[in-house]
Structure formats: structure tokens, C-alpha cells
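Novice: For reference, the file coords16.cif (mmCIF, N, CA and C atoms) is included below:
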data_model
#
loop_
_atom_site.label_atom_id
_atom_site.label_comp_id
_atom_site.auth_asym_id
_atom_site.auth_seq_id
_atom_site.Cartn_x
_atom_site.Cartn_y
_atom_site.Cartn_z
N MET A 1 136.09 -17.63 104.33
CA MET A 1 135.26 -16.75 105.15
C MET A 1 134.21 -16.08 104.27
N PRO A 2 132.94 -16.14 104.67
CA PRO A 2 131.90 -15.54 103.82
C PRO A 2 131.98 -14.01 103.84
N ARG A 3 131.53 -13.44 102.74
CA ARG A 3 131.55 -11.98 102.59
C ARG A 3 130.43 -11.39 103.45
N SER A 4 130.79 -10.36 104.23
CA SER A 4 129.75 -9.72 105.05
C SER A 4 129.52 -8.30 104.53
N THR A 5 128.28 -7.87 104.61
CA THR A 5 127.95 -6.51 104.15
C THR A 5 127.41 -5.72 105.33
N ASN A 6 127.28 -4.47 105.09
CA ASN A 6 126.74 -3.59 106.14
C ASN A 6 125.30 -3.21 105.78
N ALA A 7 124.60 -4.13 105.12
CA ALA A 7 123.27 -3.82 104.57
C ALA A 7 122.26 -3.33 105.61
N PRO A 8 122.10 -3.98 106.75
CA PRO A 8 121.07 -3.51 107.69
C PRO A 8 121.33 -2.08 108.17
N ALA A 9 122.58 -1.77 108.49
CA ALA A 9 122.90 -0.44 109.01
C ALA A 9 122.74 0.62 107.93
N SER A 10 123.22 0.35 106.71
CA SER A 10 123.10 1.37 105.65
C SER A 10 121.65 1.56 105.23
N ARG A 11 120.88 0.48 105.23
CA ARG A 11 119.46 0.59 104.90
C ARG A 11 118.75 1.45 105.95
N GLU A 12 119.13 1.26 107.20
CA GLU A 12 118.52 2.05 108.28
C GLU A 12 118.88 3.53 108.14
N ARG A 13 120.14 3.82 107.78
CA ARG A 13 120.55 5.21 107.56
C ARG A 13 119.74 5.85 106.45
N ARG A 14 119.58 5.13 105.35
CA ARG A 14 118.79 5.66 104.22
C ARG A 14 117.34 5.85 104.61
N ARG A 15 116.80 4.90 105.37
CA ARG A 15 115.40 4.99 105.78
C ARG A 15 115.16 6.23 106.64
N LYS A 16 116.12 6.54 107.53
CA LYS A 16 115.98 7.71 108.39
C LYS A 16 115.94 8.99 107.58
N VAL A 17 116.81 9.08 106.59
CA VAL A 17 116.86 10.29 105.75
C VAL A 17 115.56 10.42 104.95
N LEU A 18 115.11 9.32 104.35
CA LEU A 18 113.88 9.37 103.55
C LEU A 18 112.66 9.65 104.44
N GLU A 19 112.70 9.21 105.67
CA GLU A 19 111.63 9.49 106.63
C GLU A 19 111.54 11.00 106.89
N ARG A 20 112.72 11.63 107.07
CA ARG A 20 112.76 13.07 107.30
C ARG A 20 112.33 13.86 106.08
N ALA A 21 112.50 13.28 104.89
CA ALA A 21 112.19 13.98 103.64
C ALA A 21 110.73 13.81 103.23
N LYS A 22 109.93 13.14 104.05
CA LYS A 22 108.51 12.98 103.73
C LYS A 22 107.86 14.34 103.62
N GLY A 23 107.04 14.50 102.60
CA GLY A 23 106.37 15.78 102.41
C GLY A 23 107.10 16.68 101.44
N PHE A 24 108.36 16.37 101.12
CA PHE A 24 109.07 17.13 100.11
C PHE A 24 108.52 16.72 98.75
N ARG A 25 108.68 17.59 97.75
CA ARG A 25 108.09 17.32 96.44
C ARG A 25 109.04 16.54 95.53
N GLY A 26 108.47 15.67 94.74
CA GLY A 26 109.21 14.97 93.68
C GLY A 26 110.30 14.07 94.19
N SER A 27 111.43 14.11 93.49
CA SER A 27 112.52 13.20 93.80
C SER A 27 113.18 13.51 95.14
N ARG A 28 112.92 14.70 95.68
CA ARG A 28 113.52 15.07 96.96
C ARG A 28 112.98 14.20 98.10
N SER A 29 111.84 13.56 97.88
CA SER A 29 111.33 12.66 98.91
C SER A 29 111.46 11.19 98.54
N LYS A 30 111.94 10.92 97.31
CA LYS A 30 111.99 9.53 96.84
C LYS A 30 113.42 9.00 96.69
N LEU A 31 114.31 9.83 96.17
CA LEU A 31 115.67 9.38 95.87
C LEU A 31 116.62 9.81 96.98
N TYR A 32 117.47 8.88 97.36
CA TYR A 32 118.30 9.08 98.55
C TYR A 32 119.23 10.29 98.42
N ARG A 33 119.87 10.44 97.30
CA ARG A 33 120.85 11.51 97.16
C ARG A 33 120.19 12.89 97.24
N GLN A 34 119.10 13.06 96.49
CA GLN A 34 118.38 14.33 96.53
C GLN A 34 117.77 14.57 97.91
N ALA A 35 117.28 13.49 98.52
CA ALA A 35 116.68 13.61 99.85
C ALA A 35 117.72 14.05 100.87
N THR A 36 118.93 13.50 100.78
CA THR A 36 120.00 13.87 101.71
C THR A 36 120.30 15.35 101.61
N GLU A 37 120.43 15.84 100.38
CA GLU A 37 120.74 17.26 100.18
C GLU A 37 119.59 18.13 100.69
N ALA A 38 118.37 17.73 100.39
CA ALA A 38 117.20 18.51 100.80
C ALA A 38 117.06 18.54 102.32
N VAL A 39 117.29 17.40 102.96
CA VAL A 39 117.17 17.32 104.42
C VAL A 39 118.27 18.15 105.09
N ASP A 40 119.49 18.08 104.57
CA ASP A 40 120.58 18.87 105.14
C ASP A 40 120.26 20.35 105.06
N LYS A 41 119.77 20.79 103.90
CA LYS A 41 119.43 22.20 103.71
C LYS A 41 118.27 22.59 104.63
N ALA A 42 117.30 21.71 104.77
CA ALA A 42 116.15 21.99 105.63
C ALA A 42 116.59 22.14 107.09
N MET A 43 117.55 21.32 107.52
CA MET A 43 118.03 21.41 108.89
C MET A 43 118.76 22.73 109.13
N VAL A 44 119.50 23.20 108.13
CA VAL A 44 120.18 24.49 108.24
C VAL A 44 119.14 25.60 108.39
N PHE A 45 118.11 25.56 107.54
CA PHE A 45 117.06 26.58 107.62
C PHE A 45 116.34 26.52 108.96
N ALA A 46 116.10 25.32 109.46
CA ALA A 46 115.38 25.18 110.72
C ALA A 46 116.15 25.83 111.86
N THR A 47 117.47 25.64 111.87
CA THR A 47 118.31 26.25 112.90
C THR A 47 118.27 27.76 112.77
N GLU A 48 118.41 28.25 111.55
CA GLU A 48 118.41 29.69 111.28
C GLU A 48 117.08 30.31 111.70
N HIS A 49 115.99 29.66 111.36
CA HIS A 49 114.67 30.24 111.58
C HIS A 49 114.25 30.20 113.05
N ARG A 50 114.83 29.28 113.82
CA ARG A 50 114.55 29.32 115.26
C ARG A 50 115.10 30.61 115.86
N LYS A 51 116.20 31.09 115.31
CA LYS A 51 116.79 32.35 115.79
C LYS A 51 115.97 33.54 115.30
N THR A 52 115.59 33.54 114.01
CA THR A 52 114.88 34.70 113.46
C THR A 52 113.46 34.81 114.01
N ARG A 53 112.88 33.69 114.42
CA ARG A 53 111.53 33.74 114.99
C ARG A 53 111.50 34.66 116.20
N LYS A 54 112.54 34.58 117.04
CA LYS A 54 112.61 35.41 118.24
C LYS A 54 112.68 36.89 117.86
N ARG A 55 113.46 37.21 116.81
CA ARG A 55 113.55 38.60 116.35
C ARG A 55 112.22 39.09 115.81
N ASP A 56 111.54 38.21 115.05
CA ASP A 56 110.26 38.60 114.45
C ASP A 56 109.22 38.90 115.52
N TYR A 57 109.16 38.07 116.55
CA TYR A 57 108.19 38.31 117.61
C TYR A 57 108.49 39.61 118.36
N ARG A 58 109.76 39.85 118.64
CA ARG A 58 110.12 41.10 119.33
C ARG A 58 109.70 42.30 118.50
N ALA A 59 109.93 42.25 117.18
CA ALA A 59 109.53 43.35 116.30
C ALA A 59 108.02 43.54 116.32
N LEU A 60 107.27 42.44 116.34
CA LEU A 60 105.80 42.52 116.41
C LEU A 60 105.35 43.18 117.71
N TRP A 61 105.94 42.77 118.83
CA TRP A 61 105.56 43.35 120.12
C TRP A 61 105.86 44.84 120.15
N ILE A 62 107.02 45.23 119.62
CA ILE A 62 107.39 46.64 119.61
C ILE A 62 106.42 47.44 118.75
N ALA A 63 106.02 46.90 117.60
CA ALA A 63 105.06 47.59 116.73
C ALA A 63 103.72 47.78 117.45
N ARG A 64 103.28 46.76 118.17
CA ARG A 64 102.01 46.86 118.90
C ARG A 64 102.09 47.90 120.01
N ILE A 65 103.19 47.88 120.77
CA ILE A 65 103.37 48.84 121.86
C ILE A 65 103.43 50.26 121.30
N SER A 66 104.16 50.42 120.20
CA SER A 66 104.30 51.73 119.57
C SER A 66 102.94 52.27 119.15
N ALA A 67 102.12 51.44 118.54
CA ALA A 67 100.78 51.87 118.11
C ALA A 67 99.94 52.28 119.31
N ALA A 68 100.01 51.50 120.39
CA ALA A 68 99.23 51.82 121.59
C ALA A 68 99.74 53.10 122.25
N CYS A 69 101.04 53.33 122.21
CA CYS A 69 101.61 54.55 122.78
C CYS A 69 101.14 55.78 122.01
N LYS A 70 101.12 55.66 120.69
CA LYS A 70 100.68 56.78 119.85
C LYS A 70 99.23 57.16 120.17
N LEU A 71 98.39 56.16 120.47
CA LEU A 71 97.00 56.45 120.85
C LEU A 71 96.94 57.22 122.17
N ASN A 72 97.96 57.05 123.00
CA ASN A 72 98.01 57.74 124.29
C ASN A 72 98.91 58.97 124.25
N GLY A 73 99.25 59.43 123.06
CA GLY A 73 100.02 60.67 122.91
C GLY A 73 101.47 60.58 123.34
N MET A 74 102.10 59.49 123.03
CA MET A 74 103.51 59.31 123.41
C MET A 74 104.17 58.43 122.36
N ASN A 75 105.49 58.59 122.19
CA ASN A 75 106.15 57.67 121.26
C ASN A 75 106.84 56.54 122.02
N TYR A 76 107.24 55.53 121.29
CA TYR A 76 107.72 54.28 121.90
C TYR A 76 108.99 54.50 122.71
N SER A 77 109.95 55.22 122.15
CA SER A 77 111.23 55.35 122.84
C SER A 77 111.09 56.13 124.15
N ARG A 78 110.27 57.18 124.15
CA ARG A 78 110.04 57.94 125.38
C ARG A 78 109.28 57.08 126.41
N PHE A 79 108.39 56.24 125.92
CA PHE A 79 107.63 55.34 126.80
C PHE A 79 108.57 54.38 127.51
N ILE A 80 109.47 53.76 126.76
CA ILE A 80 110.42 52.81 127.35
C ILE A 80 111.34 53.54 128.33
N GLN A 81 111.75 54.75 127.97
CA GLN A 81 112.60 55.55 128.86
C GLN A 81 111.86 55.85 130.16
N GLY A 82 110.58 56.21 130.05
CA GLY A 82 109.77 56.49 131.23
C GLY A 82 109.58 55.26 132.11
N LEU A 83 109.39 54.10 131.47
CA LEU A 83 109.26 52.86 132.25
C LEU A 83 110.54 52.56 133.03
N THR A 84 111.67 52.78 132.38
CA THR A 84 112.95 52.51 133.02
C THR A 84 113.13 53.43 134.23
N LYS A 85 112.81 54.73 134.04
CA LYS A 85 112.98 55.69 135.14
C LYS A 85 112.01 55.43 136.29
N SER A 86 110.82 54.90 135.97
CA SER A 86 109.84 54.64 137.04
C SER A 86 109.97 53.23 137.60
N ASN A 87 111.01 52.52 137.22
CA ASN A 87 111.30 51.16 137.72
C ASN A 87 110.16 50.18 137.49
N ILE A 88 109.49 50.30 136.34
CA ILE A 88 108.48 49.32 135.95
C ILE A 88 109.16 48.32 135.05
N SER A 89 109.23 47.07 135.48
CA SER A 89 109.96 46.07 134.70
C SER A 89 108.99 45.06 134.10
N LEU A 90 108.34 45.48 133.03
CA LEU A 90 107.49 44.58 132.25
C LEU A 90 108.17 44.35 130.91
N ASN A 91 108.19 43.10 130.47
CA ASN A 91 108.83 42.85 129.17
C ASN A 91 107.90 43.24 128.03
N ARG A 92 108.43 43.29 126.84
CA ARG A 92 107.67 43.79 125.70
C ARG A 92 106.49 42.89 125.34
N LYS A 93 106.66 41.59 125.57
CA LYS A 93 105.57 40.66 125.29
C LYS A 93 104.36 40.98 126.17
N MET A 94 104.60 41.17 127.45
CA MET A 94 103.51 41.47 128.38
C MET A 94 102.91 42.84 128.09
N LEU A 95 103.76 43.82 127.78
CA LEU A 95 103.25 45.15 127.45
C LEU A 95 102.33 45.11 126.24
N SER A 96 102.70 44.32 125.23
CA SER A 96 101.85 44.25 124.03
C SER A 96 100.54 43.54 124.34
N GLU A 97 100.58 42.52 125.19
CA GLU A 97 99.35 41.84 125.59
C GLU A 97 98.43 42.79 126.37
N ILE A 98 99.02 43.58 127.26
CA ILE A 98 98.22 44.54 128.03
C ILE A 98 97.61 45.57 127.08
N ALA A 99 98.40 46.03 126.10
CA ALA A 99 97.91 47.03 125.14
C ALA A 99 96.73 46.50 124.34
N ILE A 100 96.72 45.20 124.03
CA ILE A 100 95.63 44.62 123.25
C ILE A 100 94.42 44.33 124.13
N CYS A 101 94.64 43.65 125.25
CA CYS A 101 93.54 43.13 126.07
C CYS A 101 92.97 44.15 127.05
N ASP A 102 93.82 45.08 127.52
CA ASP A 102 93.38 46.01 128.56
C ASP A 102 93.88 47.42 128.24
N PRO A 103 93.23 48.11 127.30
CA PRO A 103 93.71 49.45 126.91
C PRO A 103 93.72 50.45 128.07
N GLU A 104 92.75 50.35 129.01
CA GLU A 104 92.73 51.27 130.15
C GLU A 104 93.94 51.06 131.05
N GLY A 105 94.27 49.79 131.26
CA GLY A 105 95.44 49.47 132.06
C GLY A 105 96.72 49.98 131.41
N PHE A 106 96.78 49.84 130.08
CA PHE A 106 97.96 50.33 129.36
C PHE A 106 98.05 51.85 129.48
N SER A 107 96.89 52.52 129.43
CA SER A 107 96.88 53.98 129.57
C SER A 107 97.44 54.40 130.92
N SER A 108 97.10 53.64 131.96
CA SER A 108 97.63 53.98 133.29
C SER A 108 99.15 53.77 133.35
N ILE A 109 99.63 52.75 132.66
CA ILE A 109 101.08 52.52 132.60
C ILE A 109 101.76 53.68 131.88
N VAL A 110 101.13 54.15 130.76
CA VAL A 110 101.68 55.28 130.01
C VAL A 110 101.72 56.52 130.87
N GLU A 111 100.67 56.74 131.69
CA GLU A 111 100.64 57.91 132.58
C GLU A 111 101.77 57.84 133.60
N LYS A 112 102.05 56.66 134.13
CA LYS A 112 103.16 56.51 135.08
C LYS A 112 104.49 56.79 134.39
N ALA A 113 104.62 56.33 133.15
CA ALA A 113 105.86 56.58 132.39
C ALA A 113 106.01 58.07 132.11
N LYS A 114 104.89 58.75 131.79
CA LYS A 114 104.94 60.21 131.53
C LYS A 114 105.35 60.96 132.77
N SER A 115 104.80 60.56 133.91
CA SER A 115 105.11 61.27 135.15
C SER A 115 106.58 61.08 135.57
N ALA A 116 107.16 59.97 135.18
CA ALA A 116 108.57 59.71 135.53
C ALA A 116 109.52 60.53 134.67
N LEU A 117 109.05 61.02 133.52
CA LEU A 117 109.94 61.80 132.65
C LEU A 117 110.02 63.21 133.09
#
Rewrite the structure from the file as C-alpha cells, please.
Specialist:
Amino acid sequence: MPRSTNAPASRERRRKVLERAKGFRGSRSKLYRQATEAVDKAMVFATEHRKTRKRDYRALWIARISAACKLNGMNYSRFIQGLTKSNISLNRKMLSEIAICDPEGFSSIVEKAKSAL
């Protein structure tokens, strides 16, 4: 019986890993072992950073809202409390967009929040 190898399948596995490692520097994109380690680590970071991206954006929106509130003579926490009491349900992303694009509209929202307190 002739000897059979798993050459096509193993070559395909290696090719996939090296394909993912394109753009890495030095041996991390050329040699299979280093590429495997680099790709595995990159995948871990990618998963982690998808989660932290959401936190980073929320922090950015809060900073923008806080700055706009200070211009209208109010702090962020009291503003959010006023929105809750006045049953205005806008998320932080939309509030930050309003604060940037439509300062007069944001001022009216702040006035409604102040009146609810």
C-alpha cells in the first residue's frame, strides 16, 4: 500500500495562517510558527478591543455632553437626572450629536432638564 500524506490539507492550513499574518513585520509574516503565535495574539486583541471600543465611545459622548452642559450652566450628572425626571429618552450618542450640530436645540433640552429638577 502506498504511503499517503496529508500534504494538501496541511498546506492549506499553513496558507490560511500566513494569509492572516500579511502586513505583520519580519518573520511574523513569513515563518509559520511565528505567524501562528502572532495571529493568535492578534485575534485575542481584536476580541478585547471590540469590547473596549464601545467603552471608549461612551466616554467620548459623555465628555462632549458634559462640556456642552457646562456652557449652559449645568453639570452632567444633574443634566442626566433632569432628563430622567422629564421623561426625555435620548441616548448619549444622540445627545452628543445634538450638542455639536445644534447648540440651540441642546440648550432647549437643558432648559427642560432644569425645569424638571
Novice: Tell me which protein, DNA and RNA residues are within 10 Å of region 28-39 of chain A, counting only C-alpha atoms, leaving out same-chain ones fewer than 4 positions away, and put them as a ChimeraX atom specification.
Specialist: /A:14-24,43-45
Novice: List, as an mmCIF file with N, CA and C atoms, in the coordinates of the input, every residue that the PyMOL selection byres ((chain A and resi 65-79) around 7) selects in the file provided.
Specialist:
data_model
loop_
_atom_site.group_PDB
_atom_site.id
_atom_site.type_symbol
_atom_site.label_atom_id
_atom_site.label_comp_id
_atom_site.auth_asym_id
_atom_site.auth_seq_id
_atom_site.Cartn_x
_atom_site.Cartn_y
_atom_site.Cartn_z
ATOM 1 N N LEU A 60 107.270 42.440 116.340
ATOM 2 C CA LEU A 60 105.800 42.520 116.410
ATOM 3 C C LEU A 60 105.350 43.180 117.710
ATOM 4 N N TRP A 61 105.940 42.770 118.830
ATOM 5 C CA TRP A 61 105.560 43.350 120.120
ATOM 6 C C TRP A 61 105.860 44.840 120.150
ATOM 7 N N ILE A 62 107.020 45.230 119.620
ATOM 8 C CA ILE A 62 107.390 46.640 119.610
ATOM 9 C C ILE A 62 106.420 47.440 118.750
ATOM 10 N N ALA A 63 106.020 46.900 117.600
ATOM 11 C CA ALA A 63 105.060 47.590 116.730
ATOM 12 C C ALA A 63 103.720 47.780 117.450
ATOM 13 N N ARG A 64 103.280 46.760 118.170
ATOM 14 C CA ARG A 64 102.010 46.860 118.900
ATOM 15 C C ARG A 64 102.090 47.900 120.010
ATOM 16 N N ILE A 80 109.470 53.760 126.760
ATOM 17 C CA ILE A 80 110.420 52.810 127.350
ATOM 18 C C ILE A 80 111.340 53.540 128.330
ATOM 19 N N GLN A 81 111.750 54.750 127.970
ATOM 20 C CA GLN A 81 112.600 55.550 128.860
ATOM 21 C C GLN A 81 111.860 55.850 130.160
ATOM 22 N N GLY A 82 110.580 56.210 130.050
ATOM 23 C CA GLY A 82 109.770 56.490 131.230
ATOM 24 C C GLY A 82 109.580 55.260 132.110
ATOM 25 N N LEU A 83 109.390 54.100 131.470
ATOM 26 C CA LEU A 83 109.260 52.860 132.250
ATOM 27 C C LEU A 83 110.540 52.560 133.030
ATOM 28 N N THR A 84 111.670 52.780 132.380
ATOM 29 C CA THR A 84 112.950 52.510 133.020
ATOM 30 C C THR A 84 113.130 53.430 134.230
ATOM 31 N N LEU A 95 103.760 43.820 127.780
ATOM 32 C CA LEU A 95 103.250 45.150 127.450
ATOM 33 C C LEU A 95 102.330 45.110 126.240
ATOM 34 N N SER A 96 102.700 44.320 125.230
ATOM 35 C CA SER A 96 101.850 44.250 124.030
ATOM 36 C C SER A 96 100.540 43.540 124.340
ATOM 37 N N ALA A 99 98.400 46.030 126.100
ATOM 38 C CA ALA A 99 97.910 47.030 125.140
ATOM 39 C C ALA A 99 96.730 46.500 124.340
ATOM 40 N N SER A 107 96.890 52.520 129.430
ATOM 41 C CA SER A 107 96.880 53.980 129.570
ATOM 42 C C SER A 107 97.440 54.400 130.920
ATOM 43 N N VAL A 110 101.130 54.150 130.760
ATOM 44 C CA VAL A 110 101.680 55.280 130.010
ATOM 45 C C VAL A 110 101.720 56.520 130.870
ATOM 46 N N ALA A 113 104.620 56.330 133.150
ATOM 47 C CA ALA A 113 105.860 56.580 132.390
ATOM 48 C C ALA A 113 106.010 58.070 132.110
ATOM 49 N N LYS A 114 104.890 58.750 131.790
ATOM 50 C CA LYS A 114 104.940 60.210 131.530
ATOM 51 C C LYS A 114 105.350 60.960 132.770
#
Novice: Can you tell me how far CA of Ile98 (chain A) sits from CA of Lys112 (chain A), in Å to one decimal?
Specialist: 14.7 Å
Novice: What gap, in Å, lies between CA of Ser108 (chain A) and CA of Arg92 (chain A)?
Specialist: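 Atom-to-atom, CA of Ser108 (chain A) to CA of Arg92 (chain A), that is 16.2 Å.
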